[in-house]
Each structure stands twice: as C-alpha cells, then as structure tokens.
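So this block is start00.txt, compact mmCIF, C-alpha atoms:
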# COMPACT_ATOMS: atom_id res chain seq x y z
CA MET A 1 18.12 -23.17 10.89
CA ARG A 2 15.97 -20.12 10.18
CA PRO A 3 15.90 -18.65 6.68
CA PHE A 4 15.77 -15.09 7.91
CA PRO A 5 16.68 -14.53 11.58
CA GLY A 6 14.87 -11.99 13.80
CA ASN A 7 17.69 -9.45 13.95
CA GLU A 8 18.09 -9.64 10.17
CA ARG A 9 14.37 -8.98 9.81
CA SER A 10 14.57 -5.91 12.05
CA ARG A 11 17.65 -4.60 10.23
CA PHE A 12 15.90 -5.09 6.90
CA LEU A 13 12.80 -3.27 8.15
CA LEU A 14 14.80 -0.33 9.47
CA LYS A 15 16.60 0.10 6.14
CA PHE A 16 13.31 -0.42 4.29
CA PHE A 17 11.47 2.33 6.18
CA VAL A 18 14.40 4.76 5.88
CA ALA A 19 14.48 4.13 2.11
CA ILE A 20 10.68 4.56 1.86
CA VAL A 21 10.76 7.92 3.65
CA LEU A 22 13.73 9.20 1.61
CA LEU A 23 12.18 8.14 -1.70
CA TYR A 24 8.83 9.64 -0.70
CA VAL A 25 10.48 12.96 0.17
CA PHE A 26 12.36 12.84 -3.14
CA ILE A 27 9.24 12.39 -5.29
CA ALA A 28 7.10 14.72 -3.16
CA VAL A 29 9.27 17.82 -3.56
CA LYS A 30 7.71 20.15 -6.10
CA PRO A 31 10.55 20.35 -8.66
CA VAL A 32 10.78 16.53 -8.92
CA ASN A 33 7.01 16.19 -8.96
CA ASP A 34 6.64 18.80 -11.72
CA ALA A 35 9.62 17.70 -13.83
CA VAL A 36 9.41 13.91 -13.46
CA ILE A 37 6.24 12.55 -11.84
CA VAL A 38 3.62 14.63 -13.66
CA PRO A 39 5.15 14.15 -17.17
CA PHE A 40 5.60 10.44 -16.44
CA THR A 41 1.96 10.18 -15.35
CA ALA A 42 0.86 12.05 -18.50
CA TRP A 43 2.90 9.60 -20.57
CA LEU A 44 1.19 6.65 -18.82
CA SER A 45 -2.19 8.28 -19.52
CA ASP A 46 -1.26 8.62 -23.21
CA ILE A 47 -0.32 4.96 -23.49
CA SER A 48 -3.44 3.87 -21.60
CA ALA A 49 -5.65 5.95 -23.90
CA SER A 50 -3.94 4.37 -26.91
CA VAL A 51 -4.69 0.90 -25.54
CA LEU A 52 -8.31 1.94 -24.93
CA ARG A 53 -8.60 3.21 -28.50
CA ILE A 54 -7.24 -0.10 -29.79
CA GLY A 55 -10.01 -1.76 -27.75
CA GLY A 56 -12.64 0.39 -29.43
CA GLU A 57 -13.14 3.13 -26.81
CA GLU A 58 -13.19 6.77 -27.84
CA ALA A 59 -10.51 7.86 -25.41
CA ARG A 60 -8.92 11.33 -25.42
CA VAL A 61 -6.14 12.62 -23.21
CA ASN A 62 -5.48 16.05 -21.80
CA GLY A 63 -2.39 15.97 -19.59
CA THR A 64 -3.15 13.33 -16.98
CA VAL A 65 -6.92 13.29 -17.67
CA ILE A 66 -8.38 10.47 -19.77
CA ARG A 67 -11.87 11.07 -21.16
CA THR A 68 -14.23 8.63 -22.80
CA SER A 69 -17.82 9.25 -23.77
CA GLY A 70 -19.49 9.87 -20.42
CA PHE A 71 -16.55 9.20 -18.11
CA ALA A 72 -13.25 10.83 -17.19
CA VAL A 73 -10.43 10.06 -14.78
CA ASP A 74 -7.50 12.13 -13.62
CA VAL A 75 -4.51 9.80 -13.18
CA ARG A 76 -2.64 11.03 -10.12
CA ASN A 77 -0.07 9.91 -7.59
CA GLY A 78 -1.38 6.67 -6.17
CA CYS A 79 -2.60 5.56 -9.61
CA ASN A 80 0.66 5.88 -11.54
CA GLY A 81 2.38 2.87 -9.96
CA VAL A 82 5.06 5.03 -8.36
CA GLU A 83 3.92 4.00 -4.87
CA ALA A 84 4.36 0.30 -5.72
CA ALA A 85 7.72 1.06 -7.33
CA ILE A 86 8.87 2.91 -4.19
CA LEU A 87 7.94 -0.11 -2.09
CA LEU A 88 9.79 -2.46 -4.42
CA VAL A 89 12.89 -0.27 -4.71
CA SER A 90 13.04 0.22 -0.92
CA ALA A 91 12.76 -3.52 -0.29
CA ILE A 92 15.45 -4.33 -2.85
CA LEU A 93 17.77 -1.63 -1.53
CA ALA A 94 17.28 -2.86 2.05
CA PHE A 95 17.87 -6.51 1.16
CA PRO A 96 21.42 -7.89 1.33
CA SER A 97 22.57 -8.49 -2.23
CA ALA A 98 25.19 -7.29 -4.75
CA PRO A 99 24.68 -4.01 -6.66
CA GLY A 100 24.24 -5.74 -10.06
CA PRO A 101 21.27 -7.89 -9.07
CA LYS A 102 19.80 -4.92 -7.20
CA LEU A 103 19.90 -2.79 -10.36
CA LEU A 104 18.41 -5.63 -12.37
CA GLY A 105 15.61 -6.08 -9.82
CA ILE A 106 14.85 -2.37 -9.69
CA VAL A 107 14.80 -1.80 -13.47
CA GLY A 108 13.05 -5.07 -14.34
CA GLY A 109 10.58 -4.74 -11.47
CA PHE A 110 9.75 -1.14 -12.36
CA LEU A 111 9.06 -2.03 -16.01
CA LEU A 112 6.86 -4.97 -15.00
CA LEU A 113 4.96 -2.90 -12.43
CA GLU A 114 4.30 -0.08 -14.87
CA THR A 115 3.13 -2.52 -17.54
CA ILE A 116 0.63 -3.93 -15.04
CA ASN A 117 -0.25 -0.40 -13.99
CA ILE A 118 -1.25 0.48 -17.57
CA LEU A 119 -3.58 -2.52 -17.41
CA ARG A 120 -4.94 -1.09 -14.14
CA ILE A 121 -5.63 2.34 -15.68
CA VAL A 122 -7.19 0.84 -18.81
CA SER A 123 -9.44 -1.50 -16.80
CA LEU A 124 -10.51 1.28 -14.41
CA VAL A 125 -11.43 3.65 -17.25
CA TRP A 126 -13.36 0.83 -18.93
CA LEU A 127 -15.13 -0.05 -15.67
CA GLY A 128 -15.94 3.61 -15.03
CA ALA A 129 -17.44 3.93 -18.51
CA HIS A 130 -19.38 0.64 -18.55
CA HIS A 131 -19.84 -0.48 -14.91
CA PRO A 132 -19.60 2.68 -12.77
CA GLN A 133 -21.24 0.93 -9.78
CA VAL A 134 -18.10 -1.15 -9.15
CA PHE A 135 -15.54 1.48 -10.16
CA GLN A 136 -14.91 2.73 -6.61
CA MET A 137 -14.36 -0.76 -5.18
CA PHE A 138 -11.92 -1.67 -7.94
CA HIS A 139 -10.21 1.71 -7.71
CA VAL A 140 -9.70 1.72 -3.93
CA ALA A 141 -9.53 -1.88 -2.81
CA VAL A 142 -8.88 -4.26 -5.67
CA TRP A 143 -6.30 -2.67 -7.93
CA GLN A 144 -4.35 -0.86 -5.21
CA THR A 145 -3.95 -4.11 -3.30
CA VAL A 146 -3.17 -6.11 -6.44
CA ILE A 147 -0.43 -3.73 -7.57
CA ILE A 148 1.22 -3.84 -4.13
CA VAL A 149 0.94 -7.66 -3.96
CA VAL A 150 2.59 -7.79 -7.39
CA SER A 151 5.32 -5.52 -6.08
CA VAL A 152 5.85 -7.80 -3.05
CA ALA A 153 5.79 -10.89 -5.29
CA ILE A 154 8.46 -9.39 -7.58
CA PHE A 155 10.57 -8.65 -4.52
CA LEU A 156 10.16 -12.17 -3.13
CA LEU A 157 11.02 -13.81 -6.45
CA TRP A 158 14.02 -11.50 -6.82
CA SER A 159 15.18 -12.24 -3.26
CA TRP A 160 14.81 -16.01 -3.87
CA LYS A 161 16.95 -15.69 -6.98
CA PHE A 162 19.60 -13.26 -5.80
CA GLY A 163 19.49 -13.09 -2.01
CA SER A 164 20.20 -16.66 -0.95
CA LYS A 165 24.01 -16.68 -0.75
CA ARG A 166 24.27 -13.77 1.62
CA LEU A 167 21.40 -15.16 3.73
CA ALA A 168 23.02 -18.57 3.81
CA ARG A 169 26.05 -16.99 5.42
CA SER A 170 23.91 -15.17 7.95
CA THR A 171 22.09 -18.29 9.19
CA MET B 1 10.37 -21.10 -11.50
CA ASP B 2 10.17 -22.63 -8.04
CA ARG B 3 7.57 -25.38 -7.75
CA ASN B 4 6.13 -23.77 -4.58
CA VAL B 5 5.22 -20.56 -6.40
CA TRP B 6 1.88 -21.77 -7.79
CA PRO B 7 0.37 -23.05 -4.51
CA ALA B 8 1.52 -19.78 -2.92
CA ALA B 9 -0.14 -17.86 -5.77
CA LEU B 10 -3.40 -19.76 -5.16
CA ARG B 11 -3.22 -19.04 -1.42
CA THR B 12 -2.59 -15.38 -2.29
CA VAL B 13 -5.74 -15.17 -4.42
CA VAL B 14 -7.85 -16.89 -1.74
CA GLY B 15 -6.40 -14.57 0.94
CA PHE B 16 -7.09 -11.53 -1.21
CA LEU B 17 -10.73 -12.53 -1.79
CA ALA B 18 -11.21 -13.33 1.91
CA GLY B 19 -9.64 -10.00 2.87
CA LEU B 20 -11.80 -8.10 0.39
CA ALA B 21 -14.97 -9.81 1.68
CA CYS B 22 -14.08 -9.11 5.34
CA TRP B 23 -13.17 -5.50 4.63
CA MET B 24 -16.41 -4.86 2.70
CA ALA B 25 -18.59 -6.59 5.29
CA LEU B 26 -16.99 -5.01 8.35
CA SER B 27 -16.40 -1.46 7.07
CA PRO B 28 -19.46 0.18 8.74
CA SER B 29 -18.73 -1.47 12.13
CA TYR B 30 -15.04 -0.66 11.79
CA ALA B 31 -15.84 3.00 11.00
CA ARG B 32 -17.77 3.16 14.30
CA LEU B 33 -14.87 1.55 16.18
CA LEU B 34 -12.34 3.95 14.64
CA ALA B 35 -14.51 6.96 15.46
CA THR B 36 -14.84 5.77 19.06
CA LEU B 37 -11.09 5.22 19.45
CA SER B 38 -9.89 8.32 17.58
CA GLU B 39 -12.23 10.87 19.17
CA PRO B 40 -10.53 10.86 22.63
CA LEU B 41 -7.14 11.21 20.93
CA LEU B 42 -8.32 14.27 19.00
CA ARG B 43 -9.95 15.81 22.06
CA MET B 44 -6.74 15.32 24.06
CA SER B 45 -4.91 17.38 21.44
CA GLU B 46 -7.38 20.29 21.67
CA ILE B 47 -7.93 23.12 24.13
CA PRO B 48 -10.88 23.28 24.54
CA ALA B 49 -11.89 19.76 23.44
CA VAL B 50 -14.50 20.37 20.72
CA THR B 51 -14.25 17.56 18.16
CA ARG B 52 -16.84 14.84 17.91
CA LEU B 53 -16.63 12.05 15.36
CA VAL B 54 -20.04 10.87 14.22
CA PRO B 55 -20.19 7.62 12.20
CA ASP B 56 -22.57 7.79 9.25
CA GLY B 57 -22.70 4.38 7.60
CA LYS B 58 -19.24 3.77 6.15
CA ASN B 59 -18.32 7.46 6.57
CA ILE B 60 -17.31 9.58 9.55
CA VAL B 61 -18.60 13.14 9.97
CA VAL B 62 -16.30 15.55 11.80
CA GLU B 63 -18.37 17.69 14.17
CA ARG B 64 -16.93 20.60 16.12
CA THR B 65 -19.01 22.32 18.74
CA ASP B 66 -17.38 25.65 17.80
CA PHE B 67 -18.45 25.44 14.13
CA PRO B 68 -21.42 27.57 13.05
CA LYS B 69 -24.52 25.37 13.04
CA ARG B 70 -25.30 26.02 9.35
CA SER B 71 -21.79 25.36 8.00
CA ALA B 72 -21.02 22.11 6.17
CA ARG B 73 -19.25 19.41 8.17
CA PRO B 74 -16.16 17.66 6.81
CA GLU B 75 -16.87 14.03 6.05
CA LEU B 76 -14.33 11.35 5.31
CA GLN B 77 -14.29 7.75 4.17
CA PRO B 78 -12.20 5.65 6.57
CA GLU B 79 -12.17 2.89 3.90
CA ASP B 80 -9.47 4.90 2.14
CA LEU B 81 -7.29 4.51 5.24
CA THR B 82 -8.10 0.93 6.20
CA PHE B 83 -8.01 -1.16 3.02
CA ASN B 84 -4.43 -2.24 3.79
CA ILE B 85 -6.04 -4.96 5.95
CA ILE B 86 -6.76 -6.69 2.61
CA LEU B 87 -3.06 -6.53 1.77
CA LEU B 88 -2.12 -7.83 5.21
CA MET B 89 -4.54 -10.77 4.94
CA THR B 90 -3.28 -11.52 1.41
CA LEU B 91 0.36 -11.55 2.52
CA PHE B 92 -0.29 -13.84 5.51
CA ALA B 93 -2.32 -16.16 3.26
CA MET B 94 0.72 -16.35 0.96
CA ASN B 95 2.72 -18.07 3.72
CA SER B 96 3.01 -21.84 3.70
CA SER B 97 0.56 -23.40 6.23
CA PRO B 98 -1.57 -20.24 6.39
CA LEU B 99 -3.89 -21.78 9.02
CA SER B 100 -1.08 -22.87 11.35
CA THR B 101 -1.17 -21.49 14.89
CA ARG B 102 1.99 -19.45 14.33
CA ASN B 103 0.72 -17.86 11.14
CA VAL B 104 -2.74 -17.11 12.54
CA SER B 105 -1.32 -15.67 15.78
CA GLY B 106 1.15 -13.61 13.73
CA PHE B 107 -1.71 -12.31 11.61
CA LEU B 108 -3.83 -11.44 14.67
CA ALA B 109 -0.93 -9.56 16.27
CA ALA B 110 -0.29 -7.71 13.00
CA ALA B 111 -4.01 -6.89 12.62
CA GLY B 112 -4.07 -5.49 16.17
CA ILE B 113 -1.09 -3.23 15.45
CA LEU B 114 -2.65 -2.27 12.12
CA CYS B 115 -5.81 -1.18 13.97
CA VAL B 116 -3.66 1.16 16.13
CA THR B 117 -2.12 2.63 12.95
CA HIS B 118 -5.64 3.17 11.55
CA VAL B 119 -6.58 5.17 14.63
CA LEU B 120 -3.44 7.29 14.21
CA ALA B 121 -4.09 7.64 10.46
CA LEU B 122 -7.61 8.92 11.15
CA PHE B 123 -6.19 11.35 13.71
CA VAL B 124 -3.61 12.64 11.20
CA THR B 125 -6.19 12.86 8.39
CA ILE B 126 -8.56 14.95 10.51
CA LYS B 127 -5.67 17.18 11.61
CA SER B 128 -4.79 17.69 7.93
CA ILE B 129 -8.43 18.63 7.22
CA TYR B 130 -8.27 21.17 10.05
CA ALA B 131 -4.92 22.48 8.82
CA LEU B 132 -5.73 22.76 5.10
CA GLN B 133 -9.37 22.50 4.16
CA LEU B 134 -11.23 24.96 6.34
CA GLY B 135 -10.24 28.18 4.57
CA HIS B 136 -9.60 31.19 6.81
CA TRP B 137 -10.16 29.10 9.92
CA SER B 138 -7.23 26.83 8.93
CA LEU B 139 -4.97 29.80 8.18
CA ALA B 140 -5.84 31.40 11.49
CA HIS B 141 -5.20 28.29 13.60
CA TYR B 142 -2.33 26.52 11.79
CA GLY B 143 1.01 28.05 10.81
CA TYR B 144 3.02 27.21 7.70
CA TYR B 145 5.11 24.44 9.32
CA SER B 146 2.17 22.90 11.09
CA ARG B 147 0.13 22.84 7.83
CA SER B 148 3.07 21.30 5.99
CA PHE B 149 3.56 18.68 8.69
CA TRP B 150 -0.07 17.50 8.86
CA SER B 151 -0.60 17.54 5.09
CA GLY B 152 2.73 15.76 4.52
CA ALA B 153 1.96 13.10 7.12
CA ALA B 154 -1.52 12.46 5.73
CA HIS B 155 -0.24 12.33 2.15
CA PHE B 156 2.64 10.03 3.08
CA TYR B 157 0.29 7.60 4.83
CA ARG B 158 -2.23 7.62 1.97
CA LEU B 159 0.33 7.29 -0.82
CA ILE B 160 2.79 4.73 0.53
CA GLY B 161 2.68 4.50 4.33
CA LEU B 162 -0.37 2.25 4.56
CA TYR B 163 1.22 -0.30 2.23
CA ALA B 164 4.62 -0.08 3.91
CA ILE B 165 3.06 -0.65 7.34
CA ALA B 166 1.16 -3.76 6.17
CA PHE B 167 4.25 -5.13 4.42
CA GLY B 168 6.47 -4.34 7.44
CA LEU B 169 4.08 -6.07 9.87
CA TRP B 170 3.91 -9.15 7.66
CA TRP B 171 7.68 -9.24 7.27
CA LEU B 172 8.21 -8.95 11.01
CA LEU B 173 5.47 -11.30 12.24
CA ARG B 174 5.30 -14.07 9.62
CA PRO B 175 6.52 -17.48 10.75
CA PRO B 176 10.26 -17.93 10.19
CA GLU B 177 9.90 -21.11 8.06
CA SER B 178 7.39 -19.52 5.71
CA SER B 179 7.86 -20.49 2.05
CA ALA B 180 7.07 -16.89 1.13
CA GLY B 181 10.15 -15.81 3.00
CA ALA B 182 13.18 -14.52 1.21
CA GLY B 183 15.95 -17.02 0.73
CA GLY B 184 13.66 -20.06 0.97
CA SER B 185 14.19 -21.24 -2.58
CA GLY B 186 17.93 -20.85 -2.38
CA LYS B 187 17.96 -22.98 0.74
CA ARG B 188 15.81 -25.67 -0.87
CA LYS B 189 17.96 -25.63 -4.02
CA ARG B 190 21.10 -26.07 -1.93
CA GLN B 191 19.45 -28.93 -0.01
CA ARG B 192 18.41 -30.67 -3.26
CA LYS B 193 21.87 -30.13 -4.74
CA SER B 194 23.63 -31.53 -1.67
CA LYS B 195 21.26 -34.58 -1.74
CA ARG B 196 22.11 -35.23 -5.38
CA THR B 197 25.82 -34.86 -4.66
CA ALA B 198 25.57 -37.28 -1.72
CA SER B 199 23.70 -39.93 -3.78
CA ARG B 200 26.40 -40.02 -6.54
Kindly return the structure encoded in the file as structure tokens.
Amino acid sequence: MRPFPGNERSRFLLKFFVAIVLLYVFIAVKPVNDAVIVPFTAWLSDISASVLRIGGEEARVNGTVIRTSGFAVDVRNGCNGVEAAILLVSAILAFPSAPGPKLLGIVGGFLLLETINILRIVSLVWLGAHHPQVFQMFHVAVWQTVIIVVSVAIFLLWSWKFGSKRLARST
Amino acid sequence: MDRNVWPAALRTVVGFLAGLACWMALSPSYARLLATLSEPLLRMSEIPAVTRLVPDGKNIVVERTDFPKRSARPELQPEDLTFNIILLMTLFAMNSSPLSTRNVSGFLAAAGILCVTHVLALFVTIKSIYALQLGHWSLAHYGYYSRSFWSGAAHFYRLIGLYAIAFGLWWLLRPPESSAGAGGSGKRKRQRKSKRTASR
C-alpha cells in the first residue's frame, strides 16, 4: 500500500501550482500590494525594530526601512514571509482535507511563519550591523531556505494530523 | 508529536548543511555552466544574435555586440536564482533512508530538472533586464505587454517560483514510502491501533 499514490501526487501538484499562481497574482497587483502587503511589511519592521531595541540595538524604523548605527535594511517582498505563507497556503488548499482543519492550518501556520520571520529580520539586521561579511550568505541562502523548510514542515505536520483519513480511503 | 519527527529533523539539518556547502563550493563552476547553456537559448530568441554571457567568478556579465563599447554591462548573480538546490537537498534528506537508491535517484532526477529550470530562469532574468533596465533602449525594443510579461515572470520566479519548483520536484520524485510523506503518521497510528485491538 502506498501512502500517497502517483496520480494523487500529480493532482496535488496541479492544484498546488494553480493556487500558487493565483495567490501570487493576487498579492502582486498594485492595489493589494499598496493596501495590504506594504503596510503589513511596515508593521513587521516595527515589531522587529522593537525586538532589536529590547536587545540593546539603537534601531529606528521609517516605513519598511530599519536603521541601526551603521547599517540599514529595507524589508521587502521576499523578506516578509509572504512567499513562505503562499507556499503553505497553496499546499494546504491543494491537499485533501475538510475546510475546518484547512482554516486552522492556514491561520496557525501563518502566525508561526511570521513569528519565525520576525526572528529572521532581527537576526539579519544584527548580522548586518555586527558581522556584515556573512550577511549576504544568511540573507540569500540560509534564512530563505530555512523559512521555506519551516513552511514545508508545518504543512507535513498538518497533513499528518488532518490528512490521513481521506488518504486512507484513496489507497 | 510523532516519534519519527526528531530523526527527520536531524536529517533535515544535515541535508541543509550539505546543500549549503555544495552550493557555496560549486557556485563559480555552476555559473559557467549556466552561462554556457543559456547563451544559445538567448541567441536563438534574437535577430540578429548578439548576446554573449561572460562568467566572472560567481557572476555573469551580459555582453551585447550592439552595445556601445564604453557603456556599462549588466551583471547578475546567478546564486540568487540557484539557491533552491539547497532546499531540494534539504527536502530529500528529510526522507527516511535518505541514502537509499530510490531516494538518491529521485534526488538526481530532480536536480537535473532543477538545472533546466535554472537555465530558463537565467533566460527570463536577462530578458527582464533587457525589457526594463536599459532605459530608452528597453522602451524602444519592448512594448508594454512584453515588459510586463518578462518582469512578471522574473519576479514570480524570484519571489515564489524557485521554492515552488523545488518543493514540487521533491513531492513528485520522493520515494512513496518516505516518512516525510503526508499521511504517514496516520497510517502508522492506525497500524498501531489495530495491533493493540488485535492483542486484547
């Protein structure tokens, strides 16, 4: 018996990619970007700066830009966790399960991802200020991969918890 | 929490570190490979064929024979397009028996397909540079829809596409009995439950 048969995998992937493209188009259109994404990113920057100040850094925020003494970052799409959330939401929407667990997975997963994303922003600003030689590696390779792996892990744990009955019928 | 989560988490960390090390070590060679594979694709899309891709360490310089000799050349970092190999390696390492023949062959097939997507991503990125970043030259050679298409495609790939491709390849090519697969815990729980029921 196979836990997830080949045709189920392909069906999941098709739904997953359709959801990814639709969600990307939704967040990329200018009115949504200006009214939702940019204010949300500015809010994340505010919280991150607060955490940095608690840790003793002199962090100031202007919109989505966080400045410390000698270093500044502009938090943009790709650093606000929305990309990881889109991946998670698309996977949950594509996976066979009831609407209630899906909503729980999406809301809970989003909150967890954004909490970890604040840690990402805080650590990157700190690294940029104190260890600029490794900032680029952590910015591009480490944190972006980690946040997506976390997103995949949340999806897998959610699917283990809520997806088994439907899959059991399909095997 | 499922008892198989922690070994899987350890395999994930090891896979991530191995992927990061491979990616960092092979980036200059991979930039050369990508330039070699993408250049013919770009030249096929041009009349006349004028683009040359010149690797410069980890970067790729975009040369055009019709550019003025003194003008600056666009330069890009293919690392920004290729780091999803780390994600792919991490996800395959997450599977139970990561060194089994099925898992390794699945990973190699996925990595091969990923390489093709990197070539296409470089192609799209350079097209978006041509369409958007060369001032009057871009406006003269690319219309509104064409600029929107190339910039949208490049942005989509960079923001979410590269992750979605790595995840999709892993999902499709991972071994069917992988413990990282969805539904695995439910199946094991049902098996344990039915064993307990049978022993009463």
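Distance check against Ile37 of chain A using all atoms listed in the file: of A:His139, A:Arg76, A:Lys15, A:Arg53, the minimum falls on A:Arg76.
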What lies within 10 Å of Ile60 of chain B using all atoms listed in the file, ignoring chain neighbours under 5 positions off, as a list of chain:residue names? B:Pro28, B:Ala31, B:Arg32, B:Leu34, B:Ala35, B:Arg52, B:Leu53, B:Val54, B:Pro55, B:Pro74, B:Glu75, B:Leu76, B:Gln77, B:Pro78, B:Leu122
Keeping only C-alpha atoms, write the selected residues as a PDB file, in the frame of the given file.
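And here's selection06.pdb as it stands now:
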ATOM      1  CA  PRO B  28     -19.460   0.180   8.740  1.00  0.00           C
ATOM      2  CA  ALA B  31     -15.840   3.000  11.000  1.00  0.00           C
ATOM      3  CA  ARG B  32     -17.770   3.160  14.300  1.00  0.00           C
ATOM      4  CA  LEU B  34     -12.340   3.950  14.640  1.00  0.00           C
ATOM      5  CA  ALA B  35     -14.510   6.960  15.460  1.00  0.00           C
ATOM      6  CA  ARG B  52     -16.840  14.840  17.910  1.00  0.00           C
ATOM      7  CA  LEU B  53     -16.630  12.050  15.360  1.00  0.00           C
ATOM      8  CA  VAL B  54     -20.040  10.870  14.220  1.00  0.00           C
ATOM      9  CA  PRO B  55     -20.190   7.620  12.200  1.00  0.00           C
ATOM     10  CA  PRO B  74     -16.160  17.660   6.810  1.00  0.00           C
ATOM     11  CA  GLU B  75     -16.870  14.030   6.050  1.00  0.00           C
ATOM     12  CA  LEU B  76     -14.330  11.350   5.310  1.00  0.00           C
ATOM     13  CA  GLN B  77     -14.290   7.750   4.170  1.00  0.00           C
ATOM     14  CA  PRO B  78     -12.200   5.650   6.570  1.00  0.00           C
ATOM     15  CA  LEU B 122      -7.610   8.920  11.150  1.00  0.00           C
TER      16      LEU B 122
END
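Interatomic distance, atom CA of Cys22 of chain B against atom CA of Val82 of chain A: 27.5 Å.
Closest approach to chain A among B:Tyr145, B:Trp6, B:Tyr130, B:Phe83: B:Phe83, based on all atoms listed in the file.
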Check: which chain A residues lie within 10 Å of chain B using all atoms listed in the file, as a ChimeraX atom specification: /A:1-10,12-14,16-17,20-21,24-25,28,77-79,82-87,90-91,95,137,140-142,144-146,148-149,152-153,155-168
Selected residues, C-alpha atoms, written as a CSV table (one decimal), in the frame of the given file, please.
chain,number,residue,atom,x,y,z
A,1,MET,CA,18.1,-23.2,10.9
A,2,ARG,CA,16.0,-20.1,10.2
A,3,PRO,CA,15.9,-18.6,6.7
A,4,PHE,CA,15.8,-15.1,7.9
A,5,PRO,CA,16.7,-14.5,11.6
A,6,GLY,CA,14.9,-12.0,13.8
A,7,ASN,CA,17.7,-9.4,14.0
A,8,GLU,CA,18.1,-9.6,10.2
A,9,ARG,CA,14.4,-9.0,9.8
A,10,SER,CA,14.6,-5.9,12.0
A,12,PHE,CA,15.9,-5.1,6.9
A,13,LEU,CA,12.8,-3.3,8.2
A,14,LEU,CA,14.8,-0.3,9.5
A,16,PHE,CA,13.3,-0.4,4.3
A,17,PHE,CA,11.5,2.3,6.2
A,20,ILE,CA,10.7,4.6,1.9
A,21,VAL,CA,10.8,7.9,3.6
A,24,TYR,CA,8.8,9.6,-0.7
A,25,VAL,CA,10.5,13.0,0.2
A,28,ALA,CA,7.1,14.7,-3.2
A,77,ASN,CA,-0.1,9.9,-7.6
A,78,GLY,CA,-1.4,6.7,-6.2
A,79,CYS,CA,-2.6,5.6,-9.6
A,82,VAL,CA,5.1,5.0,-8.4
A,83,GLU,CA,3.9,4.0,-4.9
A,84,ALA,CA,4.4,0.3,-5.7
A,85,ALA,CA,7.7,1.1,-7.3
A,86,ILE,CA,8.9,2.9,-4.2
A,87,LEU,CA,7.9,-0.1,-2.1
A,90,SER,CA,13.0,0.2,-0.9
A,91,ALA,CA,12.8,-3.5,-0.3
A,95,PHE,CA,17.9,-6.5,1.2
A,137,MET,CA,-14.4,-0.8,-5.2
A,140,VAL,CA,-9.7,1.7,-3.9
A,141,ALA,CA,-9.5,-1.9,-2.8
A,142,VAL,CA,-8.9,-4.3,-5.7
A,144,GLN,CA,-4.4,-0.9,-5.2
A,145,THR,CA,-4.0,-4.1,-3.3
A,146,VAL,CA,-3.2,-6.1,-6.4
A,148,ILE,CA,1.2,-3.8,-4.1
A,149,VAL,CA,0.9,-7.7,-4.0
A,152,VAL,CA,5.8,-7.8,-3.0
A,153,ALA,CA,5.8,-10.9,-5.3
A,155,PHE,CA,10.6,-8.6,-4.5
A,156,LEU,CA,10.2,-12.2,-3.1
A,157,LEU,CA,11.0,-13.8,-6.4
A,158,TRP,CA,14.0,-11.5,-6.8
A,159,SER,CA,15.2,-12.2,-3.3
A,160,TRP,CA,14.8,-16.0,-3.9
A,161,LYS,CA,17.0,-15.7,-7.0
A,162,PHE,CA,19.6,-13.3,-5.8
A,163,GLY,CA,19.5,-13.1,-2.0
A,164,SER,CA,20.2,-16.7,-1.0
A,165,LYS,CA,24.0,-16.7,-0.8
A,166,ARG,CA,24.3,-13.8,1.6
A,167,LEU,CA,21.4,-15.2,3.7
A,168,ALA,CA,23.0,-18.6,3.8
Dig up all the protein and nucleic acid residues within 12 Å of (0.5, 0.0, -17.8) in the file frame, using all atoms listed in the file, and format them as a ChimeraX atom specification. /A:40-41,43-52,75,79-82,110-124,147
